[in-house]
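A.B. asks: mmCIF, C-alpha atoms and all ligand atoms, file entry_34.cif:
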```cif
data_structure
loop_
_atom_site.group_PDB
_atom_site.id
_atom_site.type_symbol
_atom_site.label_atom_id
_atom_site.label_comp_id
_atom_site.auth_asym_id
_atom_site.auth_seq_id
_atom_site.Cartn_x
_atom_site.Cartn_y
_atom_site.Cartn_z
ATOM 1 C CA MET A 5 -22.981 2.723 4.162
ATOM 2 C CA ILE A 6 -20.907 0.670 1.710
ATOM 3 C CA VAL A 7 -22.750 -0.661 -1.337
ATOM 4 C CA PRO A 8 -21.515 -2.969 -4.096
ATOM 5 C CA ASP A 9 -19.272 -1.210 -6.599
ATOM 6 C CA ALA A 10 -21.043 -2.231 -9.818
ATOM 7 C CA GLU A 11 -24.404 -1.159 -8.457
ATOM 8 C CA GLU A 12 -23.271 2.176 -7.094
ATOM 9 C CA ARG A 13 -21.115 3.317 -10.004
ATOM 10 C CA ALA A 14 -23.541 2.884 -12.920
ATOM 11 C CA GLN A 15 -21.827 4.803 -15.721
ATOM 12 C CA GLY A 16 -20.357 7.539 -13.535
ATOM 13 C CA ALA A 17 -16.710 8.571 -13.546
ATOM 14 C CA PHE A 18 -14.797 9.744 -10.491
ATOM 15 C CA ILE A 19 -11.757 12.017 -10.935
ATOM 16 C CA THR A 20 -9.843 13.474 -7.991
ATOM 17 C CA PHE A 21 -7.282 16.292 -7.891
ATOM 18 C CA GLU A 22 -4.459 16.175 -5.362
ATOM 19 C CA GLY A 23 -1.291 18.080 -4.519
ATOM 20 C CA GLY A 24 0.201 20.579 -2.107
ATOM 21 C CA GLU A 25 -0.963 24.075 -1.246
ATOM 22 C CA GLY A 26 -1.485 26.451 -4.162
ATOM 23 C CA ALA A 27 -0.831 23.750 -6.759
ATOM 24 C CA GLY A 28 -3.716 25.083 -8.848
ATOM 25 C CA LYS A 29 -6.258 22.339 -8.115
ATOM 26 C CA SER A 30 -9.308 24.613 -7.808
ATOM 27 C CA THR A 31 -8.307 26.466 -10.975
ATOM 28 C CA GLN A 32 -7.933 23.248 -12.933
ATOM 29 C CA VAL A 33 -11.056 21.565 -11.523
ATOM 30 C CA ALA A 34 -13.092 24.510 -12.842
ATOM 31 C CA ARG A 35 -11.385 24.392 -16.233
ATOM 32 C CA LEU A 36 -11.819 20.635 -16.672
ATOM 33 C CA ALA A 37 -15.451 20.870 -15.570
ATOM 34 C CA ALA A 38 -16.136 23.500 -18.248
ATOM 35 C CA THR A 39 -14.438 21.364 -20.904
ATOM 36 C CA LEU A 40 -16.298 18.210 -19.905
ATOM 37 C CA ARG A 41 -19.644 20.019 -19.799
ATOM 38 C CA ALA A 42 -19.050 21.365 -23.281
ATOM 39 C CA ARG A 43 -17.687 18.198 -24.854
ATOM 40 C CA SER A 44 -18.776 15.071 -23.029
ATOM 41 C CA GLY A 45 -22.518 15.636 -23.087
ATOM 42 C CA ARG A 46 -22.565 14.418 -19.464
ATOM 43 C CA ALA A 47 -23.545 16.107 -16.235
ATOM 44 C CA VAL A 48 -20.505 17.147 -14.186
ATOM 45 C CA CYS A 49 -20.544 17.365 -10.396
ATOM 46 C CA VAL A 50 -17.808 19.589 -8.906
ATOM 47 C CA THR A 51 -17.001 19.110 -5.262
ATOM 48 C CA ARG A 52 -14.208 19.265 -2.699
ATOM 49 C CA GLU A 53 -12.840 17.826 0.508
ATOM 50 C CA PRO A 54 -13.066 18.414 3.289
ATOM 51 C CA GLY A 55 -16.622 19.514 2.550
ATOM 52 C CA GLY A 56 -18.930 18.989 -0.398
ATOM 53 C CA SER A 57 -22.118 18.443 1.635
ATOM 54 C CA PRO A 58 -23.621 20.837 4.198
ATOM 55 C CA ARG A 59 -22.586 18.708 7.183
ATOM 56 C CA ALA A 60 -19.112 18.070 5.811
ATOM 57 C CA GLU A 61 -18.687 21.813 5.214
ATOM 58 C CA GLU A 62 -19.347 22.373 8.934
ATOM 59 C CA ILE A 63 -16.589 19.905 9.773
ATOM 60 C CA ARG A 64 -14.327 21.644 7.224
ATOM 61 C CA ALA A 65 -14.683 24.949 9.038
ATOM 62 C CA ALA A 66 -13.606 23.326 12.314
ATOM 63 C CA LEU A 67 -10.676 21.448 10.756
ATOM 64 C CA LEU A 68 -9.244 24.414 8.833
ATOM 65 C CA GLY A 69 -9.755 26.600 11.888
ATOM 66 C CA GLY A 70 -7.384 24.273 13.755
ATOM 67 C CA VAL A 71 -9.969 23.021 16.284
ATOM 68 C CA ALA A 72 -8.762 19.410 16.033
ATOM 69 C CA LYS A 73 -5.021 20.127 15.838
ATOM 70 C CA PRO A 74 -4.382 19.735 19.601
ATOM 71 C CA TYR A 75 -5.854 16.212 19.473
ATOM 72 C CA GLY A 76 -3.259 15.056 16.913
ATOM 73 C CA PRO A 77 -3.321 13.504 13.424
ATOM 74 C CA PHE A 78 -5.431 10.455 14.392
ATOM 75 C CA ALA A 79 -8.273 12.632 15.660
ATOM 76 C CA GLU A 80 -7.935 14.871 12.613
ATOM 77 C CA ALA A 81 -8.081 11.820 10.323
ATOM 78 C CA LEU A 82 -11.270 10.700 12.100
ATOM 79 C CA LEU A 83 -12.835 14.109 11.509
ATOM 80 C CA PHE A 84 -11.808 14.126 7.836
ATOM 81 C CA SER A 85 -13.347 10.634 7.662
ATOM 82 C CA ALA A 86 -16.594 11.783 9.292
ATOM 83 C CA ALA A 87 -16.855 14.539 6.696
ATOM 84 C CA ARG A 88 -16.041 12.025 3.932
ATOM 85 C CA ILE A 89 -18.787 9.598 5.026
ATOM 86 C CA ASP A 90 -21.434 12.299 4.668
ATOM 87 C CA HIS A 91 -19.943 13.609 1.417
ATOM 88 C CA LEU A 92 -19.888 10.111 -0.129
ATOM 89 C CA ASP A 93 -23.392 9.211 1.009
ATOM 90 C CA ARG A 94 -25.080 12.504 0.159
ATOM 91 C CA LEU A 95 -23.253 13.698 -2.920
ATOM 92 C CA ILE A 96 -20.616 11.485 -4.561
ATOM 93 C CA ARG A 97 -22.340 8.082 -4.652
ATOM 94 C CA PRO A 98 -25.730 9.474 -5.778
ATOM 95 C CA ALA A 99 -24.010 11.461 -8.562
ATOM 96 C CA LEU A 100 -22.092 8.366 -9.731
ATOM 97 C CA ARG A 101 -25.298 6.328 -9.688
ATOM 98 C CA ARG A 102 -26.886 8.964 -11.940
ATOM 99 C CA GLY A 103 -23.991 8.492 -14.356
ATOM 100 C CA GLU A 104 -22.382 11.885 -13.698
ATOM 101 C CA ILE A 105 -18.709 12.790 -13.890
ATOM 102 C CA VAL A 106 -17.588 13.726 -10.372
ATOM 103 C CA LEU A 107 -14.574 16.048 -10.048
ATOM 104 C CA CYS A 108 -13.357 16.247 -6.458
ATOM 105 C CA ASP A 109 -10.721 18.715 -5.177
ATOM 106 C CA ARG A 110 -8.804 16.461 -2.718
ATOM 107 C CA PHE A 111 -9.872 13.012 -1.450
ATOM 108 C CA ILE A 112 -8.222 9.990 0.197
ATOM 109 C CA ASP A 113 -4.687 10.796 -0.940
ATOM 110 C CA SER A 114 -4.772 14.018 1.089
ATOM 111 C CA THR A 115 -5.405 11.969 4.229
ATOM 112 C CA ARG A 116 -2.551 9.648 3.307
ATOM 113 C CA ALA A 117 -0.209 12.585 2.671
ATOM 114 C CA TYR A 118 -1.236 15.140 5.335
ATOM 115 C CA GLN A 119 -2.196 12.966 8.314
ATOM 116 C CA GLY A 120 -0.056 9.995 7.232
ATOM 117 C CA ALA A 121 3.274 10.792 5.598
ATOM 118 C CA ALA A 122 3.575 14.373 6.831
ATOM 119 C CA GLY A 123 1.618 14.041 10.086
ATOM 120 C CA GLY A 124 3.060 10.704 11.220
ATOM 121 C CA LEU A 125 -0.149 8.644 11.448
ATOM 122 C CA ASP A 126 0.423 4.904 10.888
ATOM 123 C CA PRO A 127 -0.405 3.967 7.252
ATOM 124 C CA ALA A 128 -2.184 0.839 8.532
ATOM 125 C CA VAL A 129 -4.650 3.045 10.418
ATOM 126 C CA ILE A 130 -5.257 5.130 7.309
ATOM 127 C CA ALA A 131 -5.752 2.003 5.192
ATOM 128 C CA ALA A 132 -8.281 0.691 7.723
ATOM 129 C CA LEU A 133 -10.180 4.004 7.634
ATOM 130 C CA GLU A 134 -10.242 3.911 3.828
ATOM 131 C CA ARG A 135 -11.641 0.391 3.881
ATOM 132 C CA VAL A 136 -14.560 1.240 6.124
ATOM 133 C CA VAL A 137 -15.233 4.817 4.974
ATOM 134 C CA VAL A 138 -14.565 4.718 1.234
ATOM 135 C CA GLY A 139 -15.011 1.008 0.500
ATOM 136 C CA PRO A 140 -15.222 0.452 -3.244
ATOM 137 C CA THR A 141 -15.798 4.112 -4.153
ATOM 138 C CA ARG A 142 -12.257 4.678 -5.403
ATOM 139 C CA PRO A 143 -11.334 7.298 -8.004
ATOM 140 C CA ASP A 144 -11.035 6.164 -11.622
ATOM 141 C CA LEU A 145 -8.287 8.744 -12.094
ATOM 142 C CA THR A 146 -6.283 10.891 -9.677
ATOM 143 C CA LEU A 147 -4.440 13.910 -11.067
ATOM 144 C CA ILE A 148 -1.532 14.827 -8.793
ATOM 145 C CA LEU A 149 -0.526 18.434 -9.420
ATOM 146 C CA ASP A 150 3.153 18.654 -8.577
ATOM 147 C CA LEU A 151 5.317 21.715 -7.983
ATOM 148 C CA PRO A 152 7.996 22.806 -5.485
ATOM 149 C CA PRO A 153 6.321 23.614 -2.150
ATOM 150 C CA GLU A 154 7.947 27.067 -2.015
ATOM 151 C CA ASP A 155 6.167 27.992 -5.256
ATOM 152 C CA GLY A 156 2.807 26.637 -4.108
ATOM 153 C CA LEU A 157 2.999 28.430 -0.772
ATOM 154 C CA ALA A 158 3.897 31.686 -2.552
ATOM 155 C CA ARG A 159 0.860 31.272 -4.810
ATOM 156 C CA ALA A 160 -1.412 30.547 -1.848
ATOM 157 C CA ALA A 161 -0.029 33.570 0.032
ATOM 158 C CA GLY A 162 -0.483 35.751 -3.052
ATOM 159 C CA ARG A 163 -4.100 34.700 -3.316
ATOM 160 C CA GLY A 164 -4.718 35.586 0.346
ATOM 161 C CA ALA A 165 -2.931 38.957 0.104
ATOM 162 C CA GLY A 166 -5.254 41.881 0.742
ATOM 163 C CA THR A 167 -8.144 39.662 1.834
ATOM 164 C CA GLY A 168 -7.294 39.896 5.522
ATOM 165 C CA GLN A 169 -7.196 36.082 5.699
ATOM 166 C CA GLY A 170 -4.157 34.504 7.323
ATOM 167 C CA ALA A 171 -2.736 31.053 6.636
ATOM 168 C CA ASP A 172 -5.073 28.194 7.638
ATOM 169 C CA ARG A 173 -4.224 25.210 9.857
ATOM 170 C CA PHE A 174 -2.177 23.433 7.166
ATOM 171 C CA GLU A 175 -0.754 26.390 5.240
ATOM 172 C CA ALA A 176 0.870 27.457 8.517
ATOM 173 C CA GLU A 177 2.955 24.259 8.747
ATOM 174 C CA SER A 178 6.748 24.347 8.151
ATOM 175 C CA LEU A 179 8.447 24.049 4.778
ATOM 176 C CA ALA A 180 9.751 20.631 5.875
ATOM 177 C CA PHE A 181 6.118 19.488 6.351
ATOM 178 C CA HIS A 182 5.219 20.680 2.852
ATOM 179 C CA THR A 183 8.302 18.995 1.395
ATOM 180 C CA ARG A 184 7.215 15.686 3.006
ATOM 181 C CA LEU A 185 3.776 16.216 1.492
ATOM 182 C CA ARG A 186 5.177 16.580 -1.988
ATOM 183 C CA GLU A 187 7.249 13.418 -1.586
ATOM 184 C CA ALA A 188 4.188 11.586 -0.249
ATOM 185 C CA PHE A 189 2.025 12.480 -3.240
ATOM 186 C CA LEU A 190 4.779 11.397 -5.641
ATOM 187 C CA ALA A 191 5.175 8.118 -3.732
ATOM 188 C CA ILE A 192 1.418 7.473 -4.027
ATOM 189 C CA ALA A 193 1.661 8.035 -7.790
ATOM 190 C CA ARG A 194 4.545 5.576 -8.036
ATOM 191 C CA ALA A 195 2.658 2.987 -5.963
ATOM 192 C CA GLU A 196 -0.598 3.295 -7.946
ATOM 193 C CA PRO A 197 0.338 4.223 -11.516
ATOM 194 C CA GLN A 198 -2.911 2.818 -12.942
ATOM 195 C CA ARG A 199 -4.986 5.271 -10.950
ATOM 196 C CA CYS A 200 -2.632 8.259 -10.651
ATOM 197 C CA ALA A 201 -1.015 10.657 -13.097
ATOM 198 C CA VAL A 202 1.504 13.329 -12.100
ATOM 199 C CA ILE A 203 0.987 16.702 -13.773
ATOM 200 C CA ASP A 204 3.757 19.321 -13.824
ATOM 201 C CA ALA A 205 1.899 22.189 -12.159
ATOM 202 C CA ALA A 206 4.792 24.669 -12.186
ATOM 203 C CA ARG A 207 3.852 25.795 -15.696
ATOM 204 C CA ASP A 208 1.322 28.459 -16.675
ATOM 205 C CA PRO A 209 -2.384 27.598 -16.202
ATOM 206 C CA ASP A 210 -3.034 26.983 -19.921
ATOM 207 C CA SER A 211 -0.164 24.496 -20.182
ATOM 208 C CA VAL A 212 -1.330 22.670 -17.050
ATOM 209 C CA GLU A 213 -4.866 22.545 -18.467
ATOM 210 C CA SER A 214 -3.601 21.054 -21.748
ATOM 211 C CA ALA A 215 -1.668 18.367 -19.886
ATOM 212 C CA ILE A 216 -4.745 17.497 -17.828
ATOM 213 C CA ARG A 217 -6.978 17.277 -20.902
ATOM 214 C CA ALA A 218 -4.491 14.996 -22.649
ATOM 215 C CA THR A 219 -4.261 12.784 -19.567
ATOM 216 C CA VAL A 220 -8.045 12.510 -19.181
ATOM 217 C CA ALA A 221 -8.424 11.803 -22.891
ATOM 218 C CA SER A 222 -5.887 8.985 -22.823
ATOM 219 C CA ARG A 223 -6.784 7.462 -19.427
ATOM 220 C CA LEU A 224 -10.573 7.742 -19.696
ATOM 221 C CA PRO A 225 -11.152 7.789 -23.456
ATOM 222 C CA GLY A 226 -14.935 7.713 -23.236
ATOM 223 C CA LEU A 227 -15.044 11.124 -21.542
ATOM 224 C CA LEU A 228 -12.941 13.384 -23.717
ATOM 225 C CA PRO A 229 -12.218 12.133 -27.237
ATOM 226 C CA LEU A 230 -8.647 12.711 -28.417
ATOM 227 C CA LYS A 231 -7.897 15.070 -31.289
ATOM 228 C CA GLY A 232 -8.731 13.316 -34.508
ATOM 229 C CA SER A 233 -11.626 11.256 -33.163
ATOM 230 C CA ARG A 234 -13.914 14.290 -32.706
ATOM 231 C CA GLY A 235 -11.472 17.112 -33.395
ATOM 232 C CA VAL A 236 -10.735 17.944 -29.776
ATOM 233 C CA ALA A 237 -8.268 17.550 -26.895
HETATM 234 N N1 LIG B 1 -6.645 18.031 4.142
HETATM 235 C C1 LIG B 1 -6.115 17.081 4.986
HETATM 236 O O1 LIG B 1 -5.223 17.380 5.777
HETATM 237 N N2 LIG B 1 -6.600 15.804 4.947
HETATM 238 C C2 LIG B 1 -7.597 15.431 4.107
HETATM 239 O O2 LIG B 1 -8.006 14.257 4.111
HETATM 240 C C3 LIG B 1 -8.138 16.423 3.225
HETATM 241 C C4 LIG B 1 -7.636 17.707 3.270
HETATM 242 C C5 LIG B 1 -9.236 16.034 2.269
HETATM 243 C C6 LIG B 1 -7.932 21.961 2.602
HETATM 244 O O3 LIG B 1 -7.621 23.253 2.328
HETATM 245 C C7 LIG B 1 -6.871 21.495 3.553
HETATM 246 O O4 LIG B 1 -7.261 20.292 4.164
HETATM 247 C C8 LIG B 1 -5.610 21.232 2.805
HETATM 248 C C9 LIG B 1 -5.279 19.779 3.096
HETATM 249 C C10 LIG B 1 -6.157 19.406 4.210
HETATM 250 N N3 LIG B 1 -4.557 22.025 3.265
HETATM 251 N N4 LIG B 1 -4.513 23.213 3.288
HETATM 252 N N5 LIG B 1 -4.397 24.342 3.395
HETATM 253 P P1 LIG B 1 -8.134 24.087 1.089
HETATM 254 O O5 LIG B 1 -9.138 23.301 0.307
HETATM 255 O O6 LIG B 1 -8.570 25.409 1.592
HETATM 256 O O7 LIG B 1 -6.791 24.350 0.352
HETATM 257 P P2 LIG B 1 -6.037 23.542 -0.754
HETATM 258 O O8 LIG B 1 -6.746 22.299 -1.114
HETATM 259 O O9 LIG B 1 -4.626 23.426 -0.351
HETATM 260 O O10 LIG B 1 -6.167 24.437 -2.016
HETATM 261 P P3 LIG B 1 -5.595 25.838 -2.287
HETATM 262 O O11 LIG B 1 -4.556 26.281 -1.331
HETATM 263 O O12 LIG B 1 -6.808 26.691 -2.411
HETATM 264 O O13 LIG B 1 -4.823 25.642 -3.605
HETATM 265 P P4 LIG B 1 -5.249 25.080 -5.028
HETATM 266 O O14 LIG B 1 -6.710 24.836 -5.122
HETATM 267 O O15 LIG B 1 -4.356 23.960 -5.316
HETATM 268 O O16 LIG B 1 -4.846 26.281 -5.970
HETATM 269 P P5 LIG B 1 -5.748 27.455 -6.668
HETATM 270 O O17 LIG B 1 -6.699 28.048 -5.636
HETATM 271 O O18 LIG B 1 -6.290 26.988 -7.935
HETATM 272 O O19 LIG B 1 -4.589 28.476 -6.982
HETATM 273 C C11 LIG B 1 -3.894 29.136 -5.946
HETATM 274 C C12 LIG B 1 -3.403 30.517 -6.499
HETATM 275 O O20 LIG B 1 -2.454 30.296 -7.530
HETATM 276 C C13 LIG B 1 -4.522 31.356 -7.115
HETATM 277 O O21 LIG B 1 -4.256 32.704 -6.890
HETATM 278 C C14 LIG B 1 -4.425 31.030 -8.608
HETATM 279 O O22 LIG B 1 -4.898 32.049 -9.401
HETATM 280 C C15 LIG B 1 -2.941 30.820 -8.772
HETATM 281 N N6 LIG B 1 -2.594 29.830 -9.789
HETATM 282 C C16 LIG B 1 -3.281 28.691 -10.101
HETATM 283 N N7 LIG B 1 -2.646 28.018 -11.080
HETATM 284 C C17 LIG B 1 -1.532 28.729 -11.385
HETATM 285 C C18 LIG B 1 -0.459 28.534 -12.322
HETATM 286 N N8 LIG B 1 -0.408 27.466 -13.123
HETATM 287 N N9 LIG B 1 0.517 29.453 -12.337
HETATM 288 C C19 LIG B 1 0.490 30.533 -11.513
HETATM 289 N N10 LIG B 1 -0.498 30.794 -10.629
HETATM 290 C C20 LIG B 1 -1.496 29.883 -10.559
#
```
How does the structure come out when it is put into structure tokens?

C.D. replies:
Amino acid sequence: MIVPDAEERAQGAFITFEGGEGAGKSTQVARLAATLRARSGRAVCVTREPGGSPRAEEIRAALLGGVAKPYGPFAEALLFSAARIDHLDRLIRPALRRGEIVLCDRFIDSTRAYQGAAGGLDPAVIAALERVVVGPTRPDLTLILDLPPEDGLARAAGRGAGTGQGADRFEAESLAFHTRLREAFLAIARAEPQRCAVIDAARDPDSVESAIRATVASRLPGLLPLKGSRGVA
């Protein structure tokens, strides 16, 4: 259900993390959440897509298991959207109404990049889905973690090594697919510079974290005061 923006957002803040495989999103979501909990005095809700609510997590398992792949990118986009509807209604919008800071690992830009630019689904279809599924609940800030796809895939493979887990539905795509993804995320950042910031994710985790903190402090100054104003950043 779509509700008016002013009413639903209260004083909440919505930050999404985007990028290719192994870009370090989960690592940096956890680090930013710890910083915000310690310094903002606000409740922080950490979540992810696909998933984030019990029903959406069920859809996640099917999507990453490749169940929808034979039906093509439109059907996959519909399933990601079904998961997103539940996630927004059950978790994200209530948290924003309570005034929380919501940190979400992937959101609409992943649909644009994976099913759209890399998967070939018409951008007009994706825009229509966003209108009806997301409505006014757009991120205040989107951090796009950028690095060469070869490096991200190596990181993701390294993480899976020894666990017995193979590549999932999307990790198993070709390098050309992952290169299109990277270009798509960078194109989104160029098209929406007010909302998006590109972070060089090829550096060590501490350097990436510092860049993210500085970006949050400058883009959303109420959340994380810059050094000097309360001695942090
Ligand atoms: N998808 C879609 O197609 N359409 C949609 O609308 C949505 C999603 C919402 C979700 O998978 C999949 O769904 C995703 C897109 C698609 N494709 N895939 N696969 P997921 O949530 O399971 O996977 P992911 O989002 O790609 O995340 P990831 O592979 O887990 O990577 P990450 O979260 O960006 O990275 P990480 O787990 O923090 O780090 C990966 C490894 O690198 C780990 O061992 C870290 O310790 C290490 N690491 C992290 N940072 C660094 C630095 N800076 N240097 C060196 N090593 C590092």

A.B. asks: When the PyMOL selection byres (((chain A and resi 106) around 7) and not hetatm) is applied to the structure above, which residues does it catch, written out as a PDB file with C-alpha atoms, in the coordinates of the input?

C.D. replies:
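Heads up, here's the output in expr-v8.pdb:
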```pdb
ATOM      1  CA  ALA A  17     -16.710   8.571 -13.546  1.00  0.00           C
ATOM      2  CA  PHE A  18     -14.797   9.744 -10.491  1.00  0.00           C
ATOM      3  CA  ILE A  19     -11.757  12.017 -10.935  1.00  0.00           C
ATOM      4  CA  VAL A  48     -20.505  17.147 -14.186  1.00  0.00           C
ATOM      5  CA  CYS A  49     -20.544  17.365 -10.396  1.00  0.00           C
ATOM      6  CA  VAL A  50     -17.808  19.589  -8.906  1.00  0.00           C
ATOM      7  CA  ILE A  96     -20.616  11.485  -4.561  1.00  0.00           C
ATOM      8  CA  GLU A 104     -22.382  11.885 -13.698  1.00  0.00           C
ATOM      9  CA  ILE A 105     -18.709  12.790 -13.890  1.00  0.00           C
ATOM     10  CA  LEU A 107     -14.574  16.048 -10.048  1.00  0.00           C
ATOM     11  CA  CYS A 108     -13.357  16.247  -6.458  1.00  0.00           C
TER      12      CYS A 108
END
```

A.B. asks: Calculated over all atoms listed in the file, which of the candidates A:Ala206, A:Gln32, A:Arg217, A:Ser211 has the smallest distance to Pro229 of chain A?

C.D. replies: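 Distance minimum relative to Pro229 of chain A lands on A:Arg217.
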
A.B. asks: Name every residue that the PyMOL selection byres (((not hetatm)) within 8 of (chain B and resi 1)) selects in this structure, writing the answer as a PyMOL selection string with chains first and numbers rising.

C.D. replies: chain A and resi 22-32+52-54+64+67-68+80-81+84-85+109-119+149+156-157+159-164+171-176+205-212

A.B. asks: Need to verify the contact set: Ala180 of chain A, 10 Å, only C-alpha atoms, exclusion of same-chain residues closer than 5 positions in sequence. Can you return it as a list of chain:residue names?

C.D. replies: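 The contact residues come out as A:Ala122, A:Pro153, A:Leu185, A:Arg186.
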
A.B. asks: Which centre and which edge lengths, in Å to one decimal, describe the axis-aligned box that holds all listed atoms of segment 214-221 of chain A after 6 Å is added on each side, as AutoDock Vina command-line options?

C.D. replies:
```
--center_x -5.0 --center_y 16.4 --center_z -20.4 --size_x 18.8 --size_y 21.3 --size_z 17.1
```

A.B. asks: The PyMOL selection byres (((chain A and resi 220) around 10) and not hetatm) on the file shown: which residues, as a list in words?

C.D. replies: Ile19, Leu36, Leu145, Thr146, Leu147, Ala201, Ser214, Ala215, Ile216, Arg217, Ala218, Thr219, Ala221, Ser222, Arg223, Leu224, Pro225, Gly226, Leu227, Leu228, Pro229, Leu230 and Ala237 of chain A

A.B. asks: Just give me the gap between atom CA of Phe181 of chain A and atom CA of Pro152 of chain A in Å, one decimal is fine.

C.D. replies: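 Separation between atom CA of Phe181 of chain A and atom CA of Pro152 of chain A: 12.4 Å.
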
A.B. asks: Kindly give the distance, in Å, that separates atom CA of Asp144 of chain A and atom CA of Arg88 of chain A, rounded to a single decimal.

C.D. replies: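 Separating atom CA of Asp144 of chain A from atom CA of Arg88 of chain A is a distance of 17.4 Å.
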
A.B. asks: Name all residues at most 12 Å from Ala128 of chain A (count all atoms listed in the file; drop same-chain ones fewer than 6 positions away) and give them as a ChimeraX atom specification.

C.D. replies: /A:78,116,120-121,134-135

A.B. asks: Smallest atom-to-atom distance to Ile148 of chain A: which of A:Leu133, A:Leu179, A:Ile203, A:Ala188, using all atoms listed in the file?

C.D. replies: A:Ile203

A.B. asks: Which one of A:Ala72, A:Ala47, A:Ala131, A:Ala60 sits closest to Ala99 of chain A if you count all atoms listed in the file?

C.D. replies: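 Of A:Ala72, A:Ala47, A:Ala131, A:Ala60, the one nearest Ala99 of chain A is A:Ala47, counting all atoms listed in the file.
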